Number of protein chains: 2
Amino acid sequence: MSLVVQKYGGSSLADAAKIRNVAQRIGRTRDAGNDVVSVVSAMGDTTDELIELAGQVSGRPEPREMDLLLSTGELVSCTLIAMALRTLGYEAISLSGAQAGIRTDTSYGRARIALMQPERVARELEQGRIVIVAGFQGITDDLDITTLGRGGSDTTAVALAASLEAARCEVYTDVEGIYTADPRLVPKARKLDEVDYEEMLELASYGAKMNARSIEMGMFYKVPILVASSFSDAPGTLIHEGADMNTTVGEIRNRIRGIAVDTNVAKITVRGVVDRPGIAAGLFEPLSAADVSVDVIVQNASVDGTTDMTFTVKRTDLGRALEVTRLVARQLGNGEVASADSLAKLSIVGTGMQDAPGYASTMFRTLADNGINIDMITTSEIRITCIVDEAQVGMAARALHDSFHLDSPTQVP
Amino acid sequence: MSLVVQKYGGSSLADAAKIRNVAQRIGRTRDAGNDVVSVVSAMGDTTDELIELAGQVSGRPEPREMDLLLSTGELVSCTLIAMALRTLGYEAISLSGAQAGIRTDTSYGRARIALMQPERVARELEQGRIVIVAGFQGITDDLDITTLGRGGSDTTAVALAASLEAARCEVYTDVEGIYTADPRLVPKARKLDEVDYEEMLELASYGAKMNARSIEMGMFYKVPILVASSFSDAPGTLIHEGADMNTTVGEIRNRIRGIAVDTNVAKITVRGVVDRPGIAAGLFEPLSAADVSVDVIVQNASVDGTTDMTFTVKRTDLGRALEVTRLVARQLGNGEVASADSLAKLSIVGTGMQDAPGYASTMFRTLADNGINIDMITTSEIRITCIVDEAQVGMAARALHDSFHLDSPTQVP
């Protein structure tokens with residue numbers, strides 16, 4: 001009997017009928033001869049409704065209070081799933097994050113798991129029970145409730161799978177798996193059978209919205225993760241180590257796995273900064289202290305001892321980032337600060353890319369042929385990213401999907 | 001600086017505006033120089049909504065799961081109150097029942113408090129914080145969440161007041177205090193300034209619907225309990241030991257404090273039971289095992305070696321009680337079982353009654369003069385109860401209120 005950890009997202013649990021459906025799926029996994037631990041998110045829009053309620057009583061809710069408030073959403077859904085399973089004749093028990101032994105630090109709102117102590121989970125499994133765990137939440141040494149941030153239920157599931165040495169972690173959501181591109185942007189997008197952890201990390205910004213920390217954790221502990229739909233029996237996408245390129249044709253392989261698009265992008269340019277050592281640190285340390293993540297950074301060659309520096313931040317962080325940047329720019333020589341917020345990040349992703357030339361040039365040529373201006377460029381070993389106008393990103397993604405033949409599993413560029 | 005424990009009921013917390021109102025009241029108590037612990041119920045109809053949700057996924061929800069589910073309602077309201085207080089500039093923190101150290105047995109759905117360990121509450125108070133505690137819930141030795149049954153937040157408040165040695169426990173609700181009778185039945189009903197614990201126990205079935213266990217606990221630990229409205233600044237009713245009769249006029253006192261009416265009453269009669277020792281035990285032990293509380297019991301004098309036995313149960317328990325009674329009656333000599341469910345319990349209550357004659361006869365005479373038939377009679381030291389037709393109980397209560405002059409604090413019968 002092998003242990004399977006499953007995770008069901010909020011859209012799979014939006015009402016009583018959907019909850020009964022999920023209970024049946026869990027039951028079938030049990031019937032197939034598995035031990036089952038299921039991690040659940042809050043029902044439908046519960047979390048957003050609780051955030052709105054908090055907004056009605058407080059302009060800036062205390063993070064500790066917010067976490068205790070939000071943790072209730074997952075408690076509701078995990079008890080209902082356990083009840084539905086018992087109605088179907090299965091032995092089931094629900095556990096809060098605290099009861100499941102998920103110990104975290106005290107970073108309320110985005111706590112990190114410090115220690116897994118799933119003894120109670122193991123004990124209930126030994127007694128033949130299906131264990132339903134409230135996702136997204138943990139407990140501090142001082143017995144305060146924390147939440148793991150958006151997507152935190154994925155992290156709960158992978159952490160439980162790793163600590164219980166489960167055979168597999170299954171993440172059920174409202175899409176059928178990981179696609180070569182966001183199907184809403186690229187109608188020809190194709191579902192992948194499998195994908196590497198590293199590729200998934202790069203692709204994580206679209207499709208099955210899996211949280212990056214859970215993928216990193218899966219990679220570190222070598223937990224195979226299946227992403228599939230809770231509304232169908234389609235096979236889904238398996239995230240695992242050294243996934244074979246499912247586009248292999250003899251020796252010729254398509255080394256591009258997919259296209260990622262992120263429209264939560266803004267850029268800031270600081271002009272006429274005195275070019276001396278420590279400039280970058282002087283700017284980016286205060287941004288980091290203000291909790292702003294800087295993504296792409298470009299520094300122009302120095303002219304007359306001054307330079308321009310451009311970087312991107314999340315669009316949702318732009319206000320805060322500008323505030324800090326203007327303050328720092330004054331100290332660094334009164335550099336002029338400009339910003340733009342209608343940008344998008346467009347990436348091609350694939351582990352084979354690093355050993356094969358030509359992918360970058362194909363990408364740049366395709367964009368040029370379609371009249372799309374590239375604002376900034378950045379690369380990793382398995383990714384090439386261009387910053388482009390948001391208005392053009394859909395067209396750009398479709399053009400790249402075509403030129404890299406991602407709609408077909410057998411063709412190569 | 002003295003410590004005040006307050007409790008706010010669900011109707012006082014029904015929406016964001018009411019929550020802000022309660023936060024302001026708590027703040028004023030703090031401003032008056034008190035340490036404050038506030039115990040809160042779930043917002044408005046939250047508990048009923050959660051019960052309905054459980055009913056949609058399960059015909060008979062597991063009590064353990066039900067308790068974890070229901071406990072979320074109070075977590076939501078306690079965090080919102082803490083947030084609202086912080087917005088008003090007060091240091092406040094919310095604690096779950098578990099965090100507040102409320103340890104219970106494992107009787108899910110109506111757990112009893114086994115041990116109070118409010119160290120965390122004391123620690124937060126020492127740091128100058130207002131502490132908001134989720135009512136109605138506790139935690140077992142195995143770290144499972146329990147609920148204390150309907151009205152359990154009252155019990156939480158009184159238990160915290162007792163264990164923290166608070167100066168007073170204040171129970172805020174949607175009525176202004178304890179009345180001489182239910183004002184919906186008796187328009188002339190008058191609010192009492194004070195009342196004995198024992199009288200309150202007898203009166204508890206109407207008006208400020210305080211839960212009997214919390215009154216018993218207040219009596220045992222000598223915690224003065226103020227019942228008042230969260231919507232006004234009217235002074236409320238103080239429940240304490242040896243309350244002076246507020247109807248004192250020189251040496252002449254009205255020994256009746258009030259009239260209690262309970263319409264959740266049904267009766268069962270078993271006819272032709274063989275009259276031998278052990279009959280009562282043979283009937284009432286199985287009823288107790290089936291979790292049916294029997295209230296008034298009348299056994300007729302034996303005729304020809306057989307007897308009739310009549311007893312009342314809660315109307316909501318009638319189905320279950322009949323099932324058990326029919327089974328037992330067959331074993332006890334095939335006695336005929338009859339039942340009636342449109343009855344009501346009408347009581348006059350007052351600690352002074354036991355030393356003074358005439359109250360019972362005044363009661364019976366008043367009912368007779370108004371054409372009301374008395375079905376059964378039972379008395380305690382401080383109460384005389386008649387079982388009457390439910391259709392006549394309003395008229396009966398008004399007649400008794402008049403004949404005992406309860407509308408006036410100075411007149412005596």
# chains A, B, ... in the order shown; residues from 1 in each chain; ligands from 1
>>> select_by_dssp(residues="region 91-270 of chain B", states="helix (DSSP H, G or I)", output="PDB file with C-alpha atoms, in the first residue's frame")
ATOM      1  CA  GLU B 119      -1.278  31.681  31.319  1.00  0.00           C
ATOM      2  CA  ARG B 120      -1.167  33.160  27.831  1.00  0.00           C
ATOM      3  CA  VAL B 121      -4.124  35.414  28.648  1.00  0.00           C
ATOM      4  CA  ALA B 122      -2.369  36.608  31.807  1.00  0.00           C
ATOM      5  CA  ARG B 123       0.871  37.198  29.899  1.00  0.00           C
ATOM      6  CA  GLU B 124      -0.855  39.304  27.254  1.00  0.00           C
ATOM      7  CA  LEU B 125      -2.680  41.301  29.964  1.00  0.00           C
ATOM      8  CA  GLU B 126       0.643  41.970  31.688  1.00  0.00           C
ATOM      9  CA  GLY B 152     -20.983  28.025  25.603  1.00  0.00           C
ATOM     10  CA  SER B 153     -19.469  31.488  25.196  1.00  0.00           C
ATOM     11  CA  ASP B 154     -21.123  32.458  28.489  1.00  0.00           C
ATOM     12  CA  THR B 155     -19.338  29.527  30.098  1.00  0.00           C
ATOM     13  CA  THR B 156     -16.018  30.586  28.546  1.00  0.00           C
ATOM     14  CA  ALA B 157     -16.465  34.095  29.960  1.00  0.00           C
ATOM     15  CA  VAL B 158     -17.396  33.029  33.485  1.00  0.00           C
ATOM     16  CA  ALA B 159     -14.627  30.386  33.568  1.00  0.00           C
ATOM     17  CA  LEU B 160     -12.047  32.986  32.512  1.00  0.00           C
ATOM     18  CA  ALA B 161     -13.416  35.476  35.061  1.00  0.00           C
ATOM     19  CA  ALA B 162     -13.160  32.826  37.787  1.00  0.00           C
ATOM     20  CA  SER B 163      -9.668  31.583  36.878  1.00  0.00           C
ATOM     21  CA  TYR B 197     -27.653  33.067  41.144  1.00  0.00           C
ATOM     22  CA  GLU B 198     -30.281  30.512  42.155  1.00  0.00           C
ATOM     23  CA  GLU B 199     -33.153  32.629  40.974  1.00  0.00           C
ATOM     24  CA  MET B 200     -31.297  33.260  37.739  1.00  0.00           C
ATOM     25  CA  LEU B 201     -30.906  29.518  37.273  1.00  0.00           C
ATOM     26  CA  GLU B 202     -34.670  29.156  37.474  1.00  0.00           C
ATOM     27  CA  LEU B 203     -35.336  32.164  35.273  1.00  0.00           C
ATOM     28  CA  ALA B 212     -27.315  27.458  33.079  1.00  0.00           C
ATOM     29  CA  ARG B 213     -23.798  26.025  33.413  1.00  0.00           C
ATOM     30  CA  SER B 214     -22.271  29.496  33.331  1.00  0.00           C
ATOM     31  CA  ILE B 215     -24.623  30.650  36.104  1.00  0.00           C
ATOM     32  CA  GLU B 216     -23.756  27.601  38.211  1.00  0.00           C
ATOM     33  CA  MET B 217     -20.088  28.300  37.642  1.00  0.00           C
ATOM     34  CA  GLY B 218     -20.554  31.945  38.601  1.00  0.00           C
ATOM     35  CA  MET B 219     -22.362  30.826  41.763  1.00  0.00           C
ATOM     36  CA  PHE B 220     -19.628  28.321  42.669  1.00  0.00           C
ATOM     37  CA  TYR B 221     -16.749  30.753  42.127  1.00  0.00           C
TER      38      TYR B 221
END
>>> residues_around(residues="Asp407 (chain A)", least_positions_apart="2", cutoff="9 Å", atoms="only C-alpha atoms", output="number ranges by chain")
A: 180, 188-190, 401-402, 404-405, 409, 411
>>> write_last_selection(atoms="N, CA and C atoms", output="PDB file, in the first residue's frame")
ATOM      1  N   THR A 180       1.951  24.392 -22.810  1.00  0.00           N
ATOM      2  CA  THR A 180       3.082  25.049 -23.475  1.00  0.00           C
ATOM      3  C   THR A 180       2.966  26.566 -23.391  1.00  0.00           C
ATOM      4  N   LYS A 188      -3.604  27.651 -29.410  1.00  0.00           N
ATOM      5  CA  LYS A 188      -2.992  26.393 -29.835  1.00  0.00           C
ATOM      6  C   LYS A 188      -2.181  25.723 -28.723  1.00  0.00           C
ATOM      7  N   ALA A 189      -2.164  26.305 -27.545  1.00  0.00           N
ATOM      8  CA  ALA A 189      -1.332  25.760 -26.462  1.00  0.00           C
ATOM      9  C   ALA A 189      -1.665  24.284 -26.224  1.00  0.00           C
ATOM     10  N   ARG A 190      -0.656  23.488 -25.903  1.00  0.00           N
ATOM     11  CA  ARG A 190      -0.803  22.051 -25.779  1.00  0.00           C
ATOM     12  C   ARG A 190      -0.430  21.619 -24.361  1.00  0.00           C
ATOM     13  N   HIS A 401       4.956  30.703 -30.083  1.00  0.00           N
ATOM     14  CA  HIS A 401       4.416  29.345 -30.020  1.00  0.00           C
ATOM     15  C   HIS A 401       4.470  28.696 -31.408  1.00  0.00           C
ATOM     16  N   ASP A 402       4.140  29.500 -32.440  1.00  0.00           N
ATOM     17  CA  ASP A 402       4.207  28.995 -33.818  1.00  0.00           C
ATOM     18  C   ASP A 402       5.649  28.753 -34.255  1.00  0.00           C
ATOM     19  N   PHE A 404       8.284  28.171 -32.670  1.00  0.00           N
ATOM     20  CA  PHE A 404       8.954  27.047 -31.999  1.00  0.00           C
ATOM     21  C   PHE A 404       8.138  25.741 -32.115  1.00  0.00           C
ATOM     22  N   HIS A 405       7.079  25.773 -32.908  1.00  0.00           N
ATOM     23  CA  HIS A 405       6.270  24.576 -33.199  1.00  0.00           C
ATOM     24  C   HIS A 405       5.793  23.870 -31.925  1.00  0.00           C
ATOM     25  N   PRO A 409       3.831  17.883 -30.781  1.00  0.00           N
ATOM     26  CA  PRO A 409       4.843  17.237 -29.952  1.00  0.00           C
ATOM     27  C   PRO A 409       6.016  16.677 -30.761  1.00  0.00           C
ATOM     28  N   GLN A 411       7.309  18.104 -34.007  1.00  0.00           N
ATOM     29  CA  GLN A 411       8.104  18.994 -34.852  1.00  0.00           C
ATOM     30  C   GLN A 411       9.178  19.723 -34.065  1.00  0.00           C
TER      31      GLN A 411
END
>>> residues_around(residues="Asn370 (chain B)", least_positions_apart="4", cutoff="8 Å", atoms="only C-alpha atoms", output="list in words")
Thr366, Ala396 and Ala399 of chain B
>>> interface_residues(of="chain A", to="chain B", cutoff="6 Å", atoms="only C-alpha atoms", output="list in words")
Ala16, Gln56, Val57, Ser58, Pro61, Glu65, Leu69, Thr72, Val76, Thr79, Met83, Ala84 and Thr87 of chain A
>>> residues_around(residues="region 8-12 of chain B", least_positions_apart="6", cutoff="6 Å", atoms="only C-alpha atoms", output="number ranges by chain")
B: 40-44, 172-173
>>> write_last_selection(atoms="C-alpha atoms", output="mmCIF file, in the first residue's frame")
data_model
loop_
_atom_site.group_PDB
_atom_site.id
_atom_site.type_symbol
_atom_site.label_atom_id
_atom_site.label_comp_id
_atom_site.auth_asym_id
_atom_site.auth_seq_id
_atom_site.Cartn_x
_atom_site.Cartn_y
_atom_site.Cartn_z
ATOM 1 C CA VAL B 40 -16.952 36.707 21.678
ATOM 2 C CA SER B 41 -19.509 34.463 20.013
ATOM 3 C CA ALA B 42 -19.697 33.853 16.259
ATOM 4 C CA MET B 43 -21.097 36.671 14.111
ATOM 5 C CA GLY B 44 -24.886 36.665 13.760
ATOM 6 C CA TYR B 172 -23.631 41.760 26.674
ATOM 7 C CA THR B 173 -26.554 40.675 24.585
#
>>> select_by_dssp(residues="region 145-208 of chain B", states="strand (DSSP E)", output="compact mmCIF listing (two decimals) with N, CA and C atoms, in the first residue's frame")
# COMPACT_ATOMS: atom_id res chain seq x y z
N ILE B 145 -10.17 19.98 18.90
CA ILE B 145 -11.00 21.14 19.24
C ILE B 145 -12.39 20.65 19.64
N THR B 146 -12.91 21.21 20.71
CA THR B 146 -14.26 20.88 21.17
C THR B 146 -15.09 22.16 21.24
N THR B 147 -16.43 21.99 21.26
CA THR B 147 -17.28 23.14 21.57
C THR B 147 -18.09 22.83 22.82
N ARG B 168 -15.38 41.22 37.81
CA ARG B 168 -16.75 41.08 37.34
C ARG B 168 -16.77 40.45 35.97
N CYS B 169 -17.85 39.74 35.67
CA CYS B 169 -18.07 39.23 34.33
C CYS B 169 -19.29 39.95 33.76
N GLU B 170 -19.11 40.55 32.58
CA GLU B 170 -20.23 41.28 31.96
C GLU B 170 -20.69 40.54 30.71
N VAL B 171 -21.97 40.21 30.67
CA VAL B 171 -22.51 39.48 29.52
C VAL B 171 -23.38 40.44 28.71
N TYR B 172 -22.89 40.82 27.52
CA TYR B 172 -23.63 41.76 26.67
C TYR B 172 -24.40 41.01 25.61
N THR B 173 -25.66 41.41 25.47
CA THR B 173 -26.55 40.68 24.58
C THR B 173 -27.50 41.66 23.91
N GLU B 194 -31.18 43.45 40.08
CA GLU B 194 -30.30 42.40 40.55
C GLU B 194 -31.10 41.13 40.78
N VAL B 195 -30.39 40.03 40.85
CA VAL B 195 -31.05 38.75 41.01
C VAL B 195 -30.02 37.77 41.59
N ASP B 196 -30.48 36.83 42.40
CA ASP B 196 -29.62 35.78 42.95
C ASP B 196 -29.20 34.78 41.87
>>> atom_distance(atom1="CA of Ala114 (chain B)", atom2="CA of Val131 (chain A)")
27.7 Å
>>> atom_distance(atom1="CA of Val186 (chain B)", atom2="CA of Phe231 (chain B)")
22.3 Å
